[in-house]
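What's in coords27.cif: mmCIF, C-alpha atoms
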```cif
data_target
#
loop_
_atom_site.label_atom_id
_atom_site.label_comp_id
_atom_site.auth_asym_id
_atom_site.auth_seq_id
_atom_site.Cartn_x
_atom_site.Cartn_y
_atom_site.Cartn_z
CA MET A 2 127.62 61.62 96.78
CA THR A 3 126.75 65.27 97.45
CA PRO A 4 125.42 66.96 94.31
CA THR A 5 127.26 70.15 93.29
CA LEU A 6 125.66 73.29 91.90
CA ASP A 7 127.93 75.71 90.06
CA ILE A 8 126.65 79.31 90.16
CA THR A 9 129.99 81.02 89.58
CA LYS A 10 128.71 82.48 86.30
CA ASP A 11 125.37 83.66 87.68
CA VAL A 12 124.39 87.00 89.15
CA CYS A 13 121.76 88.04 91.68
CA PRO A 14 118.89 87.08 91.75
CA MET A 15 119.65 83.92 89.72
CA THR A 16 122.30 82.84 92.24
CA PHE A 17 119.75 82.39 94.98
CA VAL A 18 116.96 81.16 92.67
CA LYS A 19 119.18 78.33 91.45
CA VAL A 20 120.25 77.41 94.98
CA LYS A 21 116.63 77.39 96.10
CA MET A 22 115.59 75.18 93.17
CA ALA A 23 118.45 72.77 93.74
CA LEU A 24 117.70 72.57 97.47
CA SER A 25 114.06 71.74 96.75
CA LYS A 26 115.27 68.45 95.20
CA ILE A 27 117.32 67.57 98.30
CA PRO A 28 115.61 65.69 101.14
CA ALA A 29 115.36 67.46 104.51
CA GLY A 30 118.69 67.21 106.28
CA GLY A 31 120.45 66.30 103.01
CA LYS A 32 123.43 68.14 101.57
CA LEU A 33 124.11 70.28 98.52
CA ALA A 34 127.50 71.67 97.51
CA VAL A 35 127.40 75.14 95.97
CA LEU A 36 130.31 76.56 94.03
CA LEU A 37 130.05 80.36 93.89
CA ALA A 38 132.03 83.52 93.28
CA GLU A 39 133.09 85.90 96.07
CA GLY A 40 130.54 88.50 95.04
CA ALA A 41 127.64 86.13 95.65
CA LEU A 42 128.69 85.08 99.17
CA LYS A 43 126.72 87.65 101.13
CA ASN A 44 123.37 87.30 99.42
CA VAL A 45 123.46 83.53 99.09
CA ILE A 46 124.58 82.87 102.68
CA SER A 47 122.20 85.38 104.25
CA SER A 48 119.27 83.95 102.26
CA LEU A 49 120.20 80.40 103.22
CA LYS A 50 120.34 81.34 106.90
CA GLN A 51 117.02 83.15 106.66
CA GLU A 52 115.35 80.09 105.15
CA GLY A 53 116.62 77.89 107.94
CA HIS A 54 119.36 76.03 106.06
CA ARG A 55 122.85 75.55 107.45
CA VAL A 56 126.22 76.15 105.85
CA ALA A 57 128.09 73.14 107.18
CA GLU A 58 131.43 73.58 105.42
CA VAL A 59 133.32 76.31 103.63
CA HIS A 60 136.19 75.59 101.22
CA ARG A 61 138.15 78.06 99.18
CA LYS A 62 138.71 77.02 95.54
CA ASP A 63 141.00 79.51 93.78
CA ALA A 64 138.87 82.63 93.29
CA SER A 65 135.66 80.79 94.21
CA TYR A 66 134.13 79.27 97.31
CA LEU A 67 132.56 75.86 97.78
CA LEU A 68 129.82 75.79 100.41
CA VAL A 69 128.34 72.57 101.68
CA VAL A 70 124.77 73.39 102.55
CA GLU A 71 122.64 71.23 104.79
CA ARG A 72 118.97 71.53 103.97
CA ASP A 73 116.56 72.65 106.70
CA GLY A 74 115.85 69.48 108.69
CA ARG A 75 112.19 70.34 109.21
CA VAL A 76 109.72 68.91 106.69
CA ALA A 77 108.84 71.65 104.23
CA MET B 10 91.85 136.48 94.91
CA LYS B 11 90.28 136.14 98.35
CA PRO B 12 92.16 137.39 101.42
CA GLU B 13 92.43 133.84 102.75
CA ASP B 14 94.26 132.81 99.58
CA TYR B 15 96.87 135.53 100.13
CA ALA B 16 97.21 134.25 103.66
CA GLU B 17 97.84 130.75 102.33
CA LEU B 18 100.50 132.04 99.96
CA LYS B 19 102.40 133.70 102.77
CA LYS B 20 102.64 130.42 104.69
CA GLY B 21 104.57 128.84 101.84
CA GLY B 22 104.29 125.54 100.07
CA MET B 23 102.35 127.08 97.18
CA MET B 24 104.94 127.36 94.43
CA ARG B 25 104.29 130.10 91.92
CA GLN B 26 104.35 128.74 88.39
CA ARG B 27 105.84 130.27 85.28
CA GLU B 28 102.31 130.60 83.96
CA ALA B 29 100.67 133.55 85.76
CA GLY B 30 97.85 132.67 88.16
CA PHE B 31 98.87 129.00 88.64
CA PHE B 32 100.55 127.38 91.60
CA SER B 33 102.15 124.03 92.20
CA VAL B 34 100.93 122.92 95.60
CA ARG B 35 103.68 121.17 97.56
CA LEU B 36 102.47 118.50 99.95
CA HIS B 37 103.90 117.42 103.28
CA VAL B 38 105.29 113.91 102.79
CA VAL B 39 107.57 112.22 105.32
CA GLY B 40 110.12 109.70 104.07
CA GLY B 41 108.18 109.21 100.84
CA ARG B 42 105.39 107.32 102.58
CA LEU B 43 101.71 107.83 101.82
CA SER B 44 98.76 105.61 102.66
CA THR B 45 96.55 104.55 99.77
CA ASP B 46 93.78 106.72 101.28
CA GLN B 47 96.12 109.70 101.05
CA VAL B 48 97.07 108.81 97.48
CA ARG B 49 93.36 108.67 96.59
CA ALA B 50 92.75 112.09 98.18
CA ILE B 51 95.71 113.53 96.27
CA GLN B 52 94.39 112.00 93.05
CA VAL B 53 90.95 113.57 93.51
CA ALA B 54 92.48 116.92 94.49
CA ALA B 55 94.67 116.94 91.38
CA GLU B 56 91.66 116.12 89.21
CA CYS B 57 89.34 118.70 90.80
CA TYR B 58 91.73 121.59 91.42
CA GLY B 59 94.65 120.94 89.08
CA ARG B 60 95.01 119.35 85.66
CA GLY B 61 94.89 115.74 86.69
CA GLU B 62 98.61 115.33 87.19
CA VAL B 63 101.03 115.14 90.10
CA HIS B 64 104.76 115.69 90.19
CA LEU B 65 107.09 113.48 92.25
CA THR B 66 109.76 115.84 93.50
CA ALA B 67 113.50 115.20 93.72
CA ARG B 68 113.24 114.56 97.47
CA GLN B 69 110.34 112.11 97.78
CA GLY B 70 107.68 114.80 97.86
CA VAL B 71 104.51 115.27 95.85
CA GLU B 72 103.30 118.47 94.20
CA ILE B 73 99.99 119.17 92.52
CA PRO B 74 100.69 121.64 89.67
CA TYR B 75 98.27 123.90 87.81
CA VAL B 76 96.19 124.93 90.80
CA ARG B 77 94.58 128.33 90.36
CA ALA B 78 95.18 130.91 93.09
CA ALA B 79 91.48 130.91 93.90
CA TYR B 80 91.61 127.23 94.92
CA LEU B 81 94.59 127.36 97.27
CA SER B 82 92.67 127.41 100.55
CA THR B 83 90.04 125.02 99.17
CA ILE B 84 92.56 122.36 98.14
CA LYS B 85 94.22 122.60 101.53
CA ASP B 86 90.88 122.06 103.30
CA PHE B 87 90.05 119.20 100.93
CA LEU B 88 93.30 117.34 101.69
CA ALA B 89 93.38 117.98 105.45
CA PRO B 90 90.99 115.16 106.55
CA SER B 91 93.22 112.54 104.91
CA GLY B 92 96.19 113.80 106.90
CA VAL B 93 97.96 115.34 103.92
CA GLY B 94 99.21 118.80 104.79
CA VAL B 95 100.70 121.49 102.60
CA GLY B 96 104.50 121.51 102.46
CA VAL B 97 107.02 124.24 103.10
CA CYS B 98 109.50 126.31 101.12
CA GLY B 99 111.94 129.10 101.93
CA PRO B 100 114.52 129.12 104.74
CA THR B 101 113.10 126.23 106.73
CA VAL B 102 113.68 122.60 107.62
CA ARG B 103 112.46 120.79 104.53
CA THR B 104 111.08 117.37 103.68
CA VAL B 105 112.76 114.61 105.68
CA THR B 106 113.66 111.84 103.26
CA ALA B 107 114.08 108.19 104.26
CA CYS B 108 114.26 104.69 102.86
CA GLN B 109 112.05 101.89 104.14
CA GLY B 110 114.77 100.78 106.55
CA CYS B 111 114.66 97.49 108.43
CA ARG B 112 110.85 97.35 108.20
CA VAL B 113 111.06 96.26 104.57
CA CYS B 114 114.62 96.15 103.27
CA PRO B 115 116.81 93.12 104.09
CA SER B 116 119.83 95.46 104.26
CA GLY B 117 118.18 97.94 106.65
CA VAL B 118 119.61 98.13 110.16
CA ILE B 119 117.48 100.94 111.61
CA ASP B 120 113.81 101.89 111.38
CA ALA B 121 114.37 104.81 109.02
CA PRO B 122 110.66 105.75 108.62
CA GLU B 123 110.22 105.92 112.41
CA LEU B 124 113.24 108.20 112.73
CA ALA B 125 111.99 110.34 109.83
CA GLU B 126 108.65 110.79 111.62
CA ALA B 127 110.44 111.80 114.83
CA VAL B 128 112.70 114.32 113.05
CA ASP B 129 109.75 115.67 111.05
CA ARG B 130 107.59 116.06 114.16
CA GLU B 131 110.32 118.02 115.89
CA PHE B 132 111.74 120.18 113.12
CA TYR B 133 109.66 120.26 109.91
CA GLY B 134 109.01 123.81 108.71
CA LYS B 135 111.06 125.36 111.53
CA SER B 136 113.09 128.37 110.49
CA ALA B 137 116.80 128.31 109.66
CA PRO B 138 119.19 130.74 107.91
CA HIS B 139 118.55 128.89 104.63
CA LYS B 140 116.86 125.69 103.47
CA PHE B 141 117.85 122.76 105.66
CA LYS B 142 117.50 119.18 104.48
CA VAL B 143 117.62 115.96 106.43
CA GLY B 144 117.98 112.57 104.74
CA ILE B 145 117.99 109.15 106.39
CA SER B 146 119.57 105.99 104.98
CA GLY B 147 118.72 102.79 106.81
CA CYS B 148 122.18 101.30 106.28
CA ALA B 149 125.64 101.93 104.88
CA ASN B 150 124.39 101.28 101.33
CA ASN B 151 123.22 104.87 101.66
CA CYS B 152 120.44 104.87 99.05
CA LEU B 153 119.18 108.15 100.51
CA LYS B 154 122.55 109.86 99.99
CA ALA B 155 123.19 111.08 103.53
CA GLU B 156 126.19 113.20 102.48
CA GLU B 157 124.06 115.31 100.12
CA ASN B 158 121.99 116.62 103.01
CA ASP B 159 122.56 119.40 105.53
CA ILE B 160 122.18 116.59 108.05
CA GLY B 161 122.43 113.04 106.78
CA ILE B 162 121.93 109.94 108.87
CA LYS B 163 122.98 106.36 108.20
CA GLY B 164 122.01 103.23 110.03
CA TRP B 165 125.06 101.56 111.53
CA VAL B 166 125.66 98.08 112.86
CA GLU B 167 128.70 97.02 114.81
CA PRO B 168 129.79 93.40 114.40
CA ARG B 169 130.65 91.34 117.46
CA TRP B 170 132.72 88.20 117.06
CA THR B 171 132.71 85.24 119.39
CA ARG B 172 135.27 82.46 119.12
CA GLY B 173 133.00 79.51 119.99
CA PRO B 174 131.04 78.87 116.79
CA CYS B 175 133.71 80.33 114.43
CA SER B 176 135.14 77.98 111.81
CA VAL B 177 137.71 80.60 110.74
CA CYS B 178 136.53 80.23 107.13
CA GLY B 179 137.59 83.75 106.21
CA ILE B 180 134.37 84.80 104.47
CA CYS B 181 133.98 87.85 106.75
CA GLU B 182 137.42 89.09 105.67
CA THR B 183 136.60 88.43 102.00
CA VAL B 184 133.28 90.29 101.99
CA CYS B 185 134.33 93.32 104.08
CA PRO B 186 134.24 96.27 101.66
CA SER B 187 136.56 98.41 103.80
CA LYS B 188 139.09 95.69 104.67
CA ALA B 189 138.44 96.21 108.37
CA VAL B 190 138.20 92.50 109.19
CA THR B 191 141.35 90.45 109.71
CA VAL B 192 141.28 86.69 110.13
CA SER B 193 144.21 84.81 111.58
CA ALA B 194 143.92 81.14 110.70
CA GLU B 195 146.93 80.26 112.90
CA ARG B 196 145.55 81.90 116.01
CA GLY B 197 141.93 81.17 115.14
CA THR B 198 140.94 84.79 115.69
CA VAL B 199 138.95 87.46 113.88
CA THR B 200 139.47 91.14 114.61
CA VAL B 201 137.48 94.14 113.41
CA ASP B 202 139.20 97.51 113.20
CA PRO B 203 136.62 99.99 114.53
CA ALA B 204 138.26 102.88 112.67
CA GLY B 205 137.93 101.12 109.33
CA CYS B 206 134.51 99.55 109.87
CA ILE B 207 131.74 101.29 107.93
CA GLY B 208 128.96 99.56 109.86
CA CYS B 209 127.43 97.81 106.85
CA GLY B 210 126.94 94.42 108.51
CA ASP B 211 128.11 92.42 105.48
CA CYS B 212 130.35 90.27 107.70
CA ILE B 213 127.37 89.46 109.92
CA GLU B 214 125.08 88.64 106.99
CA SER B 215 127.70 86.43 105.36
CA CYS B 216 128.90 84.53 108.41
CA PRO B 217 127.98 80.88 107.91
CA SER B 218 128.42 79.89 111.54
CA GLY B 219 126.83 82.79 113.38
CA ALA B 220 130.12 83.69 115.08
CA MET B 221 129.84 87.25 113.75
CA GLU B 222 126.74 88.77 115.28
CA VAL B 223 125.02 92.12 115.61
CA GLY B 224 126.76 93.96 118.42
CA GLU B 225 125.04 97.30 118.62
CA ARG B 226 122.95 99.24 116.14
CA GLY B 227 123.21 102.98 115.89
CA TYR B 228 123.13 106.13 113.83
CA ARG B 229 125.94 107.99 112.05
CA LEU B 230 125.53 111.70 111.36
CA TYR B 231 126.93 113.71 108.44
CA ALA B 232 126.79 117.49 108.36
CA GLY B 233 127.02 120.24 105.80
CA GLY B 234 126.23 118.41 102.58
CA LYS B 235 124.35 120.01 99.72
CA PHE B 236 123.76 119.69 96.03
CA GLY B 237 122.61 122.54 93.82
CA ARG B 238 125.00 124.73 91.88
CA ILE B 239 128.04 124.07 93.98
CA PRO B 240 127.76 120.59 95.45
CA PHE B 241 129.56 119.56 98.59
CA LEU B 242 129.51 116.26 100.48
CA GLY B 243 128.77 116.34 104.18
CA ARG B 244 131.32 115.11 106.69
CA ARG B 245 130.89 112.64 109.49
CA ILE B 246 130.31 114.30 112.85
CA LEU B 247 130.04 112.96 116.39
CA GLY B 248 130.29 109.34 117.45
CA ILE B 249 127.72 106.63 116.91
CA LEU B 250 124.39 107.71 118.38
CA ARG B 251 122.32 104.98 120.01
CA THR B 252 118.68 106.07 119.99
CA PRO B 253 116.30 108.19 117.88
CA GLU B 254 116.10 110.54 120.88
CA GLU B 255 119.87 111.09 120.74
CA VAL B 256 119.61 111.84 117.02
CA VAL B 257 116.82 114.37 117.58
CA ALA B 258 118.83 115.99 120.39
CA ALA B 259 121.90 116.19 118.15
CA ILE B 260 119.92 117.80 115.31
CA ARG B 261 118.49 120.30 117.80
CA LYS B 262 122.04 121.25 118.76
CA VAL B 263 123.11 121.44 115.12
CA LEU B 264 120.22 123.77 114.29
CA GLU B 265 121.03 125.92 117.33
CA PHE B 266 124.57 126.25 116.03
CA TYR B 267 123.42 127.02 112.47
CA ARG B 268 120.96 129.67 113.68
CA ALA B 269 123.67 131.29 115.80
CA GLU B 270 126.52 131.13 113.27
CA GLY B 271 124.86 131.02 109.86
CA ARG B 272 124.37 134.16 107.83
CA GLN B 273 121.08 134.82 106.17
CA ARG B 274 120.71 132.69 103.01
CA GLU B 275 123.95 130.86 103.70
CA ARG B 276 123.72 127.08 103.37
CA PHE B 277 124.89 125.09 106.36
CA GLY B 278 127.90 123.64 104.53
CA ASP B 279 129.14 127.15 103.74
CA THR B 280 128.72 128.14 107.39
CA LEU B 281 130.76 125.11 108.44
CA HIS B 282 133.51 125.98 106.01
CA ARG B 283 133.80 129.38 107.67
CA THR B 284 133.62 128.19 111.26
CA GLY B 285 135.23 124.78 110.88
CA PHE B 286 133.50 121.50 111.69
CA GLU B 287 135.19 121.40 115.11
CA ALA B 288 133.12 124.36 116.31
CA LEU B 289 129.93 122.46 115.43
CA GLU B 290 131.16 119.26 117.06
CA SER B 291 132.05 120.90 120.34
CA HIS B 292 128.66 122.63 120.39
CA ALA B 293 126.75 119.45 119.57
CA ALA B 294 128.80 117.20 121.85
CA GLU B 295 127.48 119.03 124.91
CA ARG B 296 124.04 117.56 124.29
CA THR B 297 124.86 114.10 123.06
CA GLY B 298 127.75 113.44 125.40
CA GLU B 299 129.95 112.37 122.50
CA ALA B 300 133.37 113.83 121.99
CA THR B 301 134.39 112.68 118.53
#
```

Encoded form using structure tokens:
Amino acid sequence: MTPTLDITKDVCPMTFVKVKMALSKIPAGGKLAVLLAEGALKNVISSLKQEGHRVAEVHRKDASYLLVVERDGRVA
Amino acid sequence: MKPEDYAELKKGGMMRQREAGFFSVRLHVVGGRLSTDQVRAIQVAAECYGRGEVHLTARQGVEIPYVRAAYLSTIKDFLAPSGVGVGVCGPTVRTVTACQGCRVCPSGVIDAPELAEAVDREFYGKSAPHKFKVGISGCANNCLKAEENDIGIKGWVEPRWTRGPCSVCGICETVCPSKAVTVSAERGTVTVDPAGCIGCGDCIESCPSGAMEVGERGYRLYAGGKFGRIPFLGRRILGILRTPEEVVAAIRKVLEFYRAEGRQRERFGDTLHRTGFEALESHAAERTGEAT
């Protein structure tokens, strides 16, 4: 089952720090679901893209978003 | 005082202090950037010729206060080898301010320091009816407050959407601060209203699939802003300019207009309020080839 990280209550830079930490525990190519508020979308997604990860799915959940992130397939 | 010190005073950049006989020496800084070698030279100059302090000015400049009149030409000669010149004052084109732009800042869409150097090279210290300030923000976040300058510039990025990779997730519409993006889930389309778009690039940064990409980068100009006693925000002029050369050409036209229409000691914004912004635009459009 895909682990879920809830960062809806966090603000920058903790949003990305938490995502980064959670992703470090995921094997390359594995998936992490991230639940986040609208305001964190830009910074979190742009950082993920920059680090080579992929946002595979986007779901809207009331006022929040659930992103399914696929970890960079290359070995870190 | 030696004759050469009087000569230095006349050139400007030596700010007379309240305390008789002392001057605050304004330095020529472009976009707030100094090399560490220059910082070291400024440090030594402030220790030898001032009182061991420097002042960071409101517009990214540096001044060395408490310099005696007798040292004005000496301090200038001391700083020259490190490439630090003396600044300007009076009715001239002043310090060009800039952020670090896309060289350093993740939000930056243009090379603001490079443009600042180009504008400085062309116009710094040149005469005008009154002080004339240019400020450059690397993106729509506008940290350098373009609208507070006689000419303000903002980096601009136009989004370009392609259907192929788009998952129609709607994030671009959610993050757009000016509500210029419209997503139609039924039709599977995304449209950007060019009139509403502020060129910030948030939709591009946030797009998970890469369907929203950088179309073109450019420069937006704002004219007639000032702060001081009676502040006024500059207004957007011309279309999106595409190259630093176009920006320099546009500023040249703007200064031509200001020199022709501006009264002595009248700030550019006040001139524009008399003449109307349209008069400036039609004058400047000749050079840049832009109509609106």

> From the set B:Arg274, B:Phe141, B:Pro115, B:Gly205, which residue has the shortest atom-to-atom contact distance to chain A, counting all atoms listed in the file?
Replying inline: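 With all atoms listed in the file as the atom set, the closest residue is B:Pro115.
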
> Mind telling me what the PyMOL selection byres ((chain A and resi 61) around 12) catches here, as JSON, numbers by chain?
Replying inline: {"A": [35, 36, 37, 38, 39, 42, 58, 59, 60, 62, 63, 64, 65, 66, 67, 68, 69], "B": [177, 178, 179, 180, 183]}

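Pairwise distance (CA of Thr280 (chain B), CA of Gly243 (chain B)) equals 12.2 Å.
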
Taking all atoms of region 63-73 of chain A that the file lists and extending 3 Å past them on each side, where is the centre of the axis-aligned box and how long are its edges? Answer in Å to one decimal, as AutoDock Vina command-line options.
```
--center_x 128.8 --center_y 76.9 --center_z 100.0 --size_x 30.4 --size_y 17.4 --size_z 19.4
```

> What is the distance between CA of Gly99 (chain B) and CA of Val71 (chain B), in Å to one decimal?
Replying inline: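 Taking CA of Gly99 (chain B) as the start and CA of Val71 (chain B) as the end point, the length is 16.8 Å.
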